[in-house]
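One file, final-v9.cif, carrying mmCIF, C-alpha atoms and all ligand atoms:
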data_my_file
loop_
_atom_site.label_atom_id
_atom_site.label_comp_id
_atom_site.auth_asym_id
_atom_site.auth_seq_id
_atom_site.Cartn_x
_atom_site.Cartn_y
_atom_site.Cartn_z
CA MET W 1 -33.37 -275.04 58.83
CA ALA W 2 -36.44 -274.47 60.98
CA VAL W 3 -36.74 -270.97 62.33
CA ILE W 4 -38.74 -270.08 65.42
CA ASN W 5 -41.52 -267.52 65.67
CA GLU W 6 -39.34 -264.69 66.97
CA ASN W 7 -42.39 -262.92 68.35
CA TYR W 8 -42.38 -265.39 71.24
CA LEU W 9 -39.03 -263.97 72.33
CA LYS W 10 -40.65 -260.60 72.93
CA LEU W 11 -42.72 -262.07 75.75
CA PRO W 12 -41.68 -262.12 79.40
CA GLY W 13 -40.21 -265.51 80.37
CA SER W 14 -43.33 -267.14 81.76
CA TYR W 15 -47.09 -266.69 81.86
CA LEU W 16 -48.14 -264.73 84.96
CA PHE W 17 -49.91 -267.55 86.77
CA ALA W 18 -47.13 -270.01 85.93
CA GLU W 19 -44.62 -267.58 87.46
CA ILE W 20 -46.68 -267.26 90.63
CA ALA W 21 -47.08 -271.04 90.91
CA LYS W 22 -43.30 -271.40 90.60
CA ARG W 23 -42.65 -268.87 93.38
CA VAL W 24 -45.23 -270.50 95.65
CA ALA W 25 -43.76 -273.96 95.02
CA THR W 26 -40.31 -272.69 95.98
CA PHE W 27 -41.71 -271.15 99.17
CA LYS W 28 -43.52 -274.39 99.98
CA ASP W 29 -40.31 -276.39 99.49
CA ASP W 30 -38.48 -274.10 101.87
CA ASN W 31 -41.39 -273.99 104.36
CA PRO W 32 -43.10 -277.37 104.15
CA LYS W 33 -45.18 -276.76 107.28
CA ALA W 34 -46.65 -273.47 106.07
CA ASN W 35 -50.43 -273.59 105.71
CA ILE W 36 -50.73 -271.64 102.50
CA ILE W 37 -54.04 -270.05 101.54
CA ARG W 38 -54.33 -269.53 97.80
CA LEU W 39 -56.29 -266.50 96.71
CA GLY W 40 -54.18 -265.99 93.61
CA ILE W 41 -55.40 -267.61 90.42
CA GLY W 42 -59.13 -267.31 89.79
CA ASP W 43 -59.81 -271.00 90.15
CA VAL W 44 -63.00 -272.23 91.78
CA THR W 45 -62.92 -274.54 94.81
CA LYS W 46 -66.51 -275.75 95.23
CA PRO W 47 -67.47 -279.02 93.51
CA LEU W 48 -69.65 -279.10 90.41
CA PRO W 49 -73.37 -278.52 91.08
CA GLU W 50 -75.42 -281.66 91.66
CA ALA W 51 -77.50 -281.10 88.51
CA VAL W 52 -74.30 -281.05 86.43
CA ILE W 53 -73.03 -284.25 88.04
CA LYS W 54 -76.35 -285.91 87.20
CA GLY W 55 -76.08 -284.72 83.59
CA LEU W 56 -72.52 -285.98 83.33
CA HIS W 57 -73.37 -289.40 84.76
CA ALA W 58 -76.29 -289.87 82.40
CA ALA W 59 -74.11 -288.93 79.44
CA VAL W 60 -71.40 -291.37 80.50
CA ASP W 61 -74.02 -294.12 80.48
CA GLU W 62 -75.13 -293.08 76.99
CA MET W 63 -71.55 -293.41 75.80
CA ALA W 64 -71.49 -296.99 77.15
CA ASP W 65 -74.35 -298.10 74.89
CA ALA W 66 -73.91 -298.59 71.14
CA ARG W 67 -77.40 -297.17 70.53
CA THR W 68 -76.62 -293.86 72.21
CA PHE W 69 -72.87 -293.69 71.75
CA ARG W 70 -71.52 -290.54 70.05
CA GLY W 71 -68.34 -290.04 68.12
CA TYR W 72 -67.35 -286.69 66.66
CA GLY W 73 -69.92 -284.05 67.38
CA PRO W 74 -70.48 -280.80 65.53
CA GLU W 75 -67.36 -278.65 65.88
CA GLN W 76 -69.61 -275.72 66.84
CA GLY W 77 -71.33 -277.58 69.66
CA TYR W 78 -74.57 -279.53 69.97
CA ALA W 79 -77.82 -277.70 69.24
CA PHE W 80 -79.31 -278.99 72.53
CA LEU W 81 -76.82 -276.84 74.44
CA ILE W 82 -76.75 -273.85 72.11
CA GLU W 83 -80.53 -273.53 72.11
CA LYS W 84 -80.56 -273.39 75.92
CA ILE W 85 -77.75 -270.84 76.00
CA ILE W 86 -79.68 -268.57 73.64
CA LYS W 87 -82.98 -268.96 75.45
CA THR W 88 -81.66 -268.56 79.00
CA ASP W 89 -78.65 -266.27 78.68
CA TYR W 90 -79.73 -264.01 75.82
CA GLU W 91 -83.47 -264.00 75.16
CA THR W 92 -84.03 -263.03 78.80
CA LEU W 93 -82.00 -259.90 78.03
CA GLY W 94 -84.01 -259.21 74.88
CA VAL W 95 -81.20 -260.44 72.62
CA THR W 96 -82.09 -262.85 69.81
CA LEU W 97 -79.44 -265.07 68.28
CA ALA W 98 -79.43 -267.85 65.70
CA VAL W 99 -78.02 -271.27 66.61
CA ASP W 100 -75.11 -270.79 64.19
CA GLU W 101 -74.05 -267.60 65.93
CA VAL W 102 -72.95 -269.45 69.09
CA PHE W 103 -69.82 -271.61 69.15
CA VAL W 104 -69.28 -273.98 72.08
CA SER W 105 -65.64 -274.43 73.03
CA ASP W 106 -63.27 -275.86 75.61
CA GLY W 107 -62.78 -272.53 77.34
CA SER W 108 -62.78 -268.77 77.06
CA LYS W 109 -59.01 -268.72 77.50
CA SER W 110 -58.69 -270.68 74.24
CA ASP W 111 -61.26 -268.55 72.46
CA VAL W 112 -59.94 -265.15 73.53
CA GLY W 113 -56.47 -266.41 72.67
CA ASN W 114 -57.42 -267.87 69.29
CA ILE W 115 -59.80 -265.19 68.04
CA GLN W 116 -56.97 -262.89 66.97
CA GLU W 117 -56.05 -265.41 64.24
CA ILE W 118 -58.98 -264.29 62.10
CA PHE W 119 -57.67 -260.70 62.02
CA GLY W 120 -54.86 -259.30 59.89
CA VAL W 121 -51.48 -258.84 61.49
CA ASN W 122 -51.50 -255.08 60.93
CA ASN W 123 -54.56 -254.35 63.03
CA LYS W 124 -53.95 -251.93 65.86
CA VAL W 125 -54.93 -253.57 69.15
CA ALA W 126 -56.18 -251.80 72.28
CA ILE W 127 -56.25 -253.41 75.70
CA THR W 128 -57.19 -252.04 79.07
CA ASP W 129 -54.29 -251.74 81.49
CA PRO W 130 -54.28 -253.75 83.78
CA VAL W 131 -55.53 -256.64 81.68
CA TYR W 132 -56.04 -260.42 81.62
CA PRO W 133 -52.64 -261.34 80.10
CA VAL W 134 -54.00 -263.69 77.41
CA TYR W 135 -55.30 -260.86 75.21
CA LEU W 136 -51.92 -259.18 75.07
CA ASP W 137 -49.65 -262.23 74.98
CA THR W 138 -51.51 -263.86 72.08
CA ASN W 139 -51.24 -260.68 70.03
CA VAL W 140 -47.54 -260.48 70.83
CA MET W 141 -47.14 -264.09 69.65
CA ALA W 142 -48.96 -263.22 66.43
CA GLY W 143 -46.67 -260.28 65.68
CA ARG W 144 -49.14 -257.49 66.35
CA SER W 145 -47.32 -255.79 69.23
CA GLY W 146 -44.04 -254.22 68.20
CA GLN W 147 -41.20 -254.27 70.72
CA LEU W 148 -41.40 -254.07 74.50
CA SER W 149 -40.03 -250.84 75.85
CA SER W 150 -40.40 -249.53 79.43
CA GLY W 151 -43.00 -252.16 80.24
CA LYS W 152 -45.23 -251.53 77.22
CA PHE W 153 -45.35 -252.93 73.72
CA ALA W 154 -44.84 -250.08 71.30
CA GLY W 155 -47.51 -251.18 68.83
CA VAL W 156 -50.28 -251.77 71.38
CA THR W 157 -52.64 -249.12 72.75
CA TYR W 158 -52.91 -249.31 76.54
CA LEU W 159 -56.10 -247.92 78.07
CA THR W 160 -55.17 -247.02 81.61
CA CYS W 161 -57.63 -247.97 84.35
CA ASN W 162 -56.84 -246.88 87.86
CA ALA W 163 -58.43 -245.30 90.91
CA GLY W 164 -57.86 -241.89 89.27
CA ASN W 165 -60.35 -242.61 86.48
CA ASN W 166 -62.56 -244.91 88.52
CA PHE W 167 -61.28 -247.80 86.40
CA ILE W 168 -63.20 -246.48 83.38
CA PRO W 169 -61.01 -246.55 80.29
CA ALA W 170 -61.03 -243.44 78.12
CA LEU W 171 -61.58 -243.82 74.38
CA PRO W 172 -58.20 -243.96 72.64
CA GLU W 173 -56.75 -240.83 71.06
CA GLU W 174 -55.38 -242.78 68.10
CA LYS W 175 -57.59 -244.96 65.91
CA VAL W 176 -57.62 -248.63 66.98
CA ASP W 177 -59.04 -251.63 65.13
CA ILE W 178 -59.48 -254.34 67.76
CA ILE W 179 -60.54 -253.55 71.32
CA TYR W 180 -60.50 -256.07 74.16
CA LEU W 181 -62.95 -255.30 76.95
CA CYS W 182 -63.64 -257.56 79.93
CA TYR W 183 -66.59 -256.74 82.21
CA PRO W 184 -67.04 -257.45 85.04
CA ASN W 185 -63.35 -256.85 84.86
CA ASN W 186 -60.53 -259.20 85.54
CA PRO W 187 -58.40 -258.15 87.40
CA THR W 188 -60.00 -255.02 88.92
CA GLY W 189 -63.45 -256.47 89.61
CA THR W 190 -65.05 -253.25 88.35
CA THR W 191 -67.90 -252.85 85.85
CA LEU W 192 -68.97 -250.44 83.11
CA SER W 193 -72.42 -248.89 83.00
CA LYS W 194 -74.53 -249.27 79.87
CA ALA W 195 -73.78 -245.63 79.03
CA GLU W 196 -70.03 -246.25 79.30
CA LEU W 197 -70.23 -249.40 77.24
CA LYS W 198 -72.30 -247.60 74.60
CA LYS W 199 -69.39 -245.19 74.06
CA TRP W 200 -67.28 -248.16 72.98
CA VAL W 201 -69.95 -249.55 70.68
CA ASP W 202 -70.37 -246.12 69.11
CA TYR W 203 -66.59 -245.79 68.77
CA ALA W 204 -66.37 -249.20 67.07
CA LYS W 205 -69.18 -248.31 64.67
CA ALA W 206 -67.61 -244.98 63.79
CA ASN W 207 -64.14 -246.43 63.25
CA GLY W 208 -64.81 -249.84 61.74
CA SER W 209 -63.36 -251.48 64.85
CA ILE W 210 -64.29 -254.76 66.49
CA ILE W 211 -64.85 -255.21 70.23
CA LEU W 212 -63.82 -258.53 71.75
CA TYR W 213 -65.98 -258.63 74.86
CA ASP W 214 -65.06 -261.07 77.60
CA ALA W 215 -68.08 -261.59 79.86
CA ALA W 216 -66.64 -264.54 81.80
CA TYR W 217 -67.79 -263.06 85.12
CA GLU W 218 -71.25 -261.81 84.16
CA ALA W 219 -72.99 -264.24 86.53
CA TYR W 220 -71.39 -262.38 89.45
CA ILE W 221 -73.21 -259.13 88.71
CA GLN W 222 -75.33 -258.28 91.76
CA GLU W 223 -76.40 -254.73 91.06
CA PRO W 224 -79.31 -253.97 88.76
CA GLY W 225 -78.57 -252.01 85.61
CA VAL W 226 -75.07 -253.39 85.06
CA PRO W 227 -74.96 -254.94 81.56
CA HIS W 228 -74.61 -258.73 81.45
CA SER W 229 -73.97 -258.81 77.73
CA ILE W 230 -72.59 -256.25 75.30
CA TYR W 231 -75.56 -257.08 73.07
CA GLU W 232 -77.76 -255.19 75.52
CA ILE W 233 -76.24 -252.12 73.88
CA GLU W 234 -77.86 -251.00 70.67
CA GLY W 235 -75.70 -251.67 67.64
CA ALA W 236 -73.35 -254.08 69.41
CA LYS W 237 -74.41 -256.99 67.22
CA ASP W 238 -72.66 -255.23 64.34
CA VAL W 239 -69.33 -254.74 66.09
CA ALA W 240 -68.86 -257.16 68.98
CA ILE W 241 -67.91 -260.76 69.66
CA GLU W 242 -68.76 -261.99 73.16
CA PHE W 243 -67.06 -264.70 75.22
CA ARG W 244 -68.80 -266.59 78.03
CA THR W 245 -67.81 -269.59 80.10
CA PHE W 246 -69.17 -272.22 82.46
CA SER W 247 -65.89 -272.08 84.41
CA LYS W 248 -66.78 -269.32 86.81
CA ASN W 249 -70.55 -269.65 87.16
CA ALA W 250 -70.75 -273.45 87.32
CA GLY W 251 -67.29 -274.54 88.44
CA PHE W 252 -66.08 -275.85 85.07
CA THR W 253 -62.45 -274.65 85.36
CA GLY W 254 -61.29 -278.28 85.27
CA THR W 255 -64.19 -279.57 83.20
CA ARG W 256 -63.77 -277.09 80.31
CA CYS W 257 -66.76 -275.67 78.50
CA ALA W 258 -67.42 -272.18 77.25
CA PHE W 259 -68.98 -270.45 74.27
CA THR W 260 -68.36 -267.54 71.96
CA VAL W 261 -71.03 -265.51 70.23
CA VAL W 262 -70.21 -264.24 66.75
CA PRO W 263 -73.30 -262.59 65.27
CA LYS W 264 -73.47 -262.86 61.50
CA SER W 265 -73.83 -259.10 61.31
CA VAL W 266 -70.30 -258.52 62.70
CA MET W 267 -68.16 -257.51 59.76
CA ALA W 268 -64.50 -256.69 59.28
CA PHE W 269 -62.84 -255.55 56.07
CA THR W 270 -61.01 -257.37 53.31
CA ALA W 271 -57.86 -255.88 51.77
CA ASP W 272 -59.97 -254.34 49.00
CA GLY W 273 -62.21 -252.65 51.54
CA SER W 274 -65.32 -254.81 51.27
CA GLN W 275 -67.04 -256.17 54.37
CA TYR W 276 -66.63 -259.78 55.41
CA PRO W 277 -68.56 -261.65 58.14
CA LEU W 278 -66.37 -262.79 61.02
CA ASN W 279 -68.87 -265.56 61.78
CA SER W 280 -67.81 -267.49 58.68
CA LEU W 281 -64.11 -266.99 59.42
CA TRP W 282 -64.50 -268.21 63.00
CA ASN W 283 -66.53 -271.16 61.76
CA ARG W 284 -63.76 -271.94 59.25
CA ARG W 285 -61.14 -271.69 61.97
CA GLN W 286 -63.01 -273.86 64.45
CA THR W 287 -63.96 -276.57 61.95
CA THR W 288 -60.33 -276.77 60.83
CA LYS W 289 -58.61 -276.76 64.20
CA PHE W 290 -61.16 -278.01 66.71
CA ASN W 291 -63.27 -281.14 66.97
CA GLY W 292 -65.75 -279.90 69.50
CA VAL W 293 -66.26 -280.25 73.24
CA PRO W 294 -66.93 -283.83 74.42
CA TYR W 295 -70.60 -284.83 74.37
CA ILE W 296 -70.39 -285.75 78.05
CA ILE W 297 -69.18 -282.28 78.98
CA GLN W 298 -71.82 -280.55 76.87
CA LYS W 299 -74.51 -282.63 78.60
CA GLY W 300 -73.05 -281.45 81.92
CA ALA W 301 -73.22 -277.85 80.69
CA GLU W 302 -76.78 -278.35 79.47
CA ALA W 303 -77.76 -279.33 83.01
CA VAL W 304 -76.76 -275.84 84.17
CA TYR W 305 -79.94 -274.67 82.42
CA THR W 306 -82.34 -276.96 84.28
CA PRO W 307 -84.30 -275.25 87.09
CA GLU W 308 -82.17 -277.13 89.66
CA GLY W 309 -78.99 -276.19 87.81
CA GLN W 310 -79.97 -272.53 87.74
CA GLN W 311 -80.75 -272.60 91.48
CA GLN W 312 -77.50 -274.40 92.29
CA ILE W 313 -75.30 -271.98 90.35
CA LYS W 314 -77.03 -269.07 92.11
CA GLU W 315 -76.01 -270.67 95.41
CA LEU W 316 -72.43 -271.12 94.23
CA ILE W 317 -72.21 -267.49 93.22
CA SER W 318 -73.70 -266.32 96.53
CA TYR W 319 -71.14 -268.43 98.34
CA TYR W 320 -68.23 -266.82 96.52
CA MET W 321 -69.73 -263.34 96.75
CA ALA W 322 -69.99 -263.75 100.54
CA ASN W 323 -66.20 -264.29 100.41
CA ALA W 324 -65.84 -261.16 98.33
CA LYS W 325 -67.63 -259.23 101.06
CA THR W 326 -65.47 -260.78 103.77
CA ILE W 327 -62.37 -259.69 101.88
CA ARG W 328 -63.64 -256.21 101.06
CA ASP W 329 -64.88 -255.48 104.58
CA GLY W 330 -61.81 -256.97 106.23
CA LEU W 331 -59.33 -255.02 104.14
CA LYS W 332 -61.29 -251.80 104.48
CA SER W 333 -61.37 -252.23 108.26
CA ILE W 334 -57.59 -251.96 108.32
CA GLY W 335 -57.60 -248.87 106.16
CA LEU W 336 -56.78 -250.31 102.75
CA ASP W 337 -58.25 -248.88 99.55
CA VAL W 338 -60.34 -251.62 98.03
CA PHE W 339 -62.10 -251.86 94.65
CA GLY W 340 -64.20 -254.49 92.90
CA GLY W 341 -65.72 -257.45 94.72
CA VAL W 342 -69.29 -256.14 94.40
CA ASN W 343 -70.22 -257.45 90.94
CA ALA W 344 -67.19 -259.68 90.48
CA PRO W 345 -65.22 -262.33 92.36
CA TYR W 346 -62.05 -260.22 92.30
CA ILE W 347 -60.96 -257.69 94.88
CA TRP W 348 -58.40 -255.15 93.74
CA LEU W 349 -56.55 -253.32 96.46
CA LYS W 350 -54.02 -250.56 96.62
CA THR W 351 -50.84 -251.94 98.15
CA PRO W 352 -49.95 -250.35 101.48
CA GLN W 353 -47.41 -247.57 101.50
CA GLY W 354 -43.88 -248.82 100.99
CA TYR W 355 -44.87 -251.84 98.91
CA ASP W 356 -45.03 -252.30 95.19
CA SER W 357 -47.08 -255.17 93.78
CA TRP W 358 -44.39 -257.86 93.94
CA SER W 359 -42.95 -256.83 97.32
CA PHE W 360 -46.49 -257.00 98.71
CA PHE W 361 -46.85 -260.45 97.14
CA ASP W 362 -43.65 -261.54 98.94
CA LYS W 363 -44.76 -259.95 102.20
CA LEU W 364 -48.15 -261.71 102.19
CA LEU W 365 -46.62 -265.03 101.21
CA THR W 366 -43.78 -264.88 103.70
CA ASP W 367 -45.55 -263.38 106.71
CA ALA W 368 -49.14 -264.56 106.30
CA HIS W 369 -48.72 -267.55 103.94
CA ILE W 370 -51.29 -266.08 101.59
CA VAL W 371 -51.02 -266.12 97.82
CA GLY W 372 -52.50 -263.27 95.83
CA THR W 373 -51.70 -261.84 92.41
CA PRO W 374 -49.45 -258.81 92.02
CA GLY W 375 -51.24 -256.10 90.05
CA ALA W 376 -48.09 -255.35 88.05
CA GLY W 377 -48.42 -258.81 86.50
CA PHE W 378 -51.51 -257.53 84.67
CA GLY W 379 -49.77 -254.53 83.14
CA PRO W 380 -47.91 -251.34 84.04
CA ALA W 381 -51.04 -249.62 85.39
CA GLY W 382 -51.46 -252.54 87.81
CA GLU W 383 -48.28 -251.56 89.64
CA GLY W 384 -49.10 -250.62 93.21
CA TYR W 385 -52.20 -252.81 93.20
CA PHE W 386 -52.86 -256.39 94.23
CA ARG W 387 -55.63 -258.89 93.43
CA LEU W 388 -57.33 -261.36 95.76
CA THR W 389 -59.98 -263.80 94.58
CA ALA W 390 -63.20 -264.76 96.28
CA PHE W 391 -62.94 -268.34 94.99
CA GLY W 392 -61.52 -269.85 98.19
CA SER W 393 -63.54 -271.65 100.82
CA GLN W 394 -65.39 -269.46 103.31
CA GLU W 395 -63.23 -270.82 106.14
CA SER W 396 -59.93 -270.16 104.42
CA THR W 397 -61.05 -266.74 103.22
CA LYS W 398 -61.98 -265.70 106.76
CA GLU W 399 -58.71 -267.13 108.05
CA ALA W 400 -56.78 -265.26 105.35
CA ILE W 401 -58.34 -261.94 106.30
CA GLU W 402 -57.66 -262.55 110.00
CA ARG W 403 -54.03 -263.30 109.16
CA ILE W 404 -53.75 -260.16 107.05
CA LYS W 405 -55.21 -258.09 109.88
CA VAL W 406 -52.73 -259.51 112.39
CA LYS W 407 -49.62 -259.71 110.25
CA LEU W 408 -49.91 -256.58 108.25
CA SER W 409 -49.76 -254.20 111.22
CA LEU W 410 -50.43 -251.21 109.01
C1 LIG T 501 -57.32 -265.48 86.63
O1 LIG T 501 -56.87 -265.78 87.72
O2 LIG T 501 -57.19 -264.36 86.13
C2 LIG T 501 -58.09 -266.54 85.94
O3 LIG T 501 -57.62 -267.77 86.30
C3 LIG T 501 -58.13 -266.32 84.54
C4 LIG T 501 -58.55 -267.53 83.78
O4 LIG T 501 -59.67 -267.96 83.96
O5 LIG T 501 -57.75 -268.00 82.98
#
Conversion result in structure tokens:
Amino acid sequence: MAVINENYLKLPGSYLFAEIAKRVATFKDDNPKANIIRLGIGDVTKPLPEAVIKGLHAAVDEMADARTFRGYGPEQGYAFLIEKIIKTDYETLGVTLAVDEVFVSDGSKSDVGNIQEIFGVNNKVAITDPVYPVYLDTNVMAGRSGQLSSGKFAGVTYLTCNAGNNFIPALPEEKVDIIYLCYPNNPTGTTLSKAELKKWVDYAKANGSIILYDAAYEAYIQEPGVPHSIYEIEGAKDVAIEFRTFSKNAGFTGTRCAFTVVPKSVMAFTADGSQYPLNSLWNRRQTTKFNGVPYIIQKGAEAVYTPEGQQQIKELISYYMANAKTIRDGLKSIGLDVFGGVNAPYIWLKTPQGYDSWSFFDKLLTDAHIVGTPGAGFGPAGEGYFRLTAFGSQESTKEAIERIKVKLSL
């Protein structure tokens, strides 16, 4: 008799963004004429940069010719892409990496979800609260969470981030083994300074912990001094794994390409207390379960690193960050408390008096036909907050803010 993984039953019924999509679909069915503006899920709307399209086309042609056709590629990704990632994204920050420390994948969601497999089930996990739900849900599925009680899993350490602490998580009182950090942060759009981030690296070094650092939004950093990579912090190469993606900087949400950096110096412990490199475990995991990102897609990603590609992604980011400003300024002008949106494409707002996260979601959808994401969906500390993304078109973002101004009558 096959038995299910009971840990799945501990999870709420559906994944946050699936739940929102369901509610919006129901609203659309009931109100077919409503012109809905979607500023909910962090999905890009601009087409792929021209340089990427050129790279993709050329690769398609190569696949049509027996002399240049490719079958299985290296599970870890092609060296042509990895070398450019290292040179452009890391060496410019003073970080050196070897080619076999970077693993190309089909997305950061997969990687941040899968990475927990290489850790023992008894590790104590810490997440910021609010948090990108994948970190928590995948650890619940794996049996690392304990039971849900009053909105929190008993076995997980929640690091509260709210306006009261400027969205800067405090080091945990109890000892934790695996720490998920995402900066620029999803959902709050806030960042950590190098000094703040160093506290976490020092904590991990002192406690034998590992930091899983999601830097999916690093390309959105506008202010100087904000760290783009955790490896800018001394000692981080001994304790941190970093996740990056082409989804948000180059519009690859539907094209799928990302990479994860696992320096060979990052060690965790075996049951007998000796150190073991996580790089070789991740390599073992990927070569067993993954056959690599399509050649065509990796050629598209490689084109991001051409001079034209670099210029074009800068333009994309400026476009979305202009939306972030529109949202921030518009919401502030009607007296709302607004966070994020300066170094990140997410704007995190305090819901107006009288609304919790989900009632504000309903209000915006019903009265203004705007979809956002209820803060409570990201964790208990997200209650009373709401997230809007800057990934819409400039026209629809402006229209959304005008509607909010008119309909909200604060
Ligand atoms: C979000 O809206 O938080 C994003 O879509 C996250 C993701 O990229 O999966």
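Across W:Val140, W:Val266, W:Val3, W:Val24, the tightest approach to W:His369 is made by W:Val24 when counting all atoms listed in the file.
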For chain W against ligand LIG 501 (chain T), with a cut-off of 7 Å and counting only C-alpha atoms and all ligand atoms, what is the closest atom pair and its distance in Å to one decimal for every residue that makes the cut, ordered by chain and number, as CSV?
residue,atom,partner,partner_atom,distance
W:Gly40,CA,T:LIG501,O1,6.5
W:Ile41,CA,T:LIG501,O1,3.6
W:Gly42,CA,T:LIG501,O1,3.4
W:Asp43,CA,T:LIG501,O3,5.5
W:Lys109,CA,T:LIG501,O5,5.7
W:Tyr132,CA,T:LIG501,O2,6.1
W:Asn186,CA,T:LIG501,O2,6.2
W:Pro187,CA,T:LIG501,O2,6.5
- Query: For W:Ala324, which residue among W:Pro227, W:Gly235, W:Gly208, W:Gly341 is the nearest when counting all atoms listed in the file?
  - Reply: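 Between W:Pro227, W:Gly235, W:Gly208, W:Gly341, the residue approaching W:Ala324 most closely is W:Gly341.
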- What does the distance between atom CA of W:Pro380 and atom CA of W:Asp129 come to in Å, to one decimal place? 6.9 Å
- Item | Spatial neighbours of W:Ala219, max dist 7 Å, only C-alpha atoms, sep filter under 2 positions, as a list of chain:residue names | W:Tyr217, W:Ile221, W:Asn249
- Message: What's around W:Tyr320 at 7 Å? Count only C-alpha atoms, leave out sequence neighbours fewer than 3 positions away in its own chain, and write the answer as a list in words.
- Response: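 So the residues in contact are Leu316, Ile317, Asn323, Ala324, Pro345, Ala390 and Phe391 of chain W.
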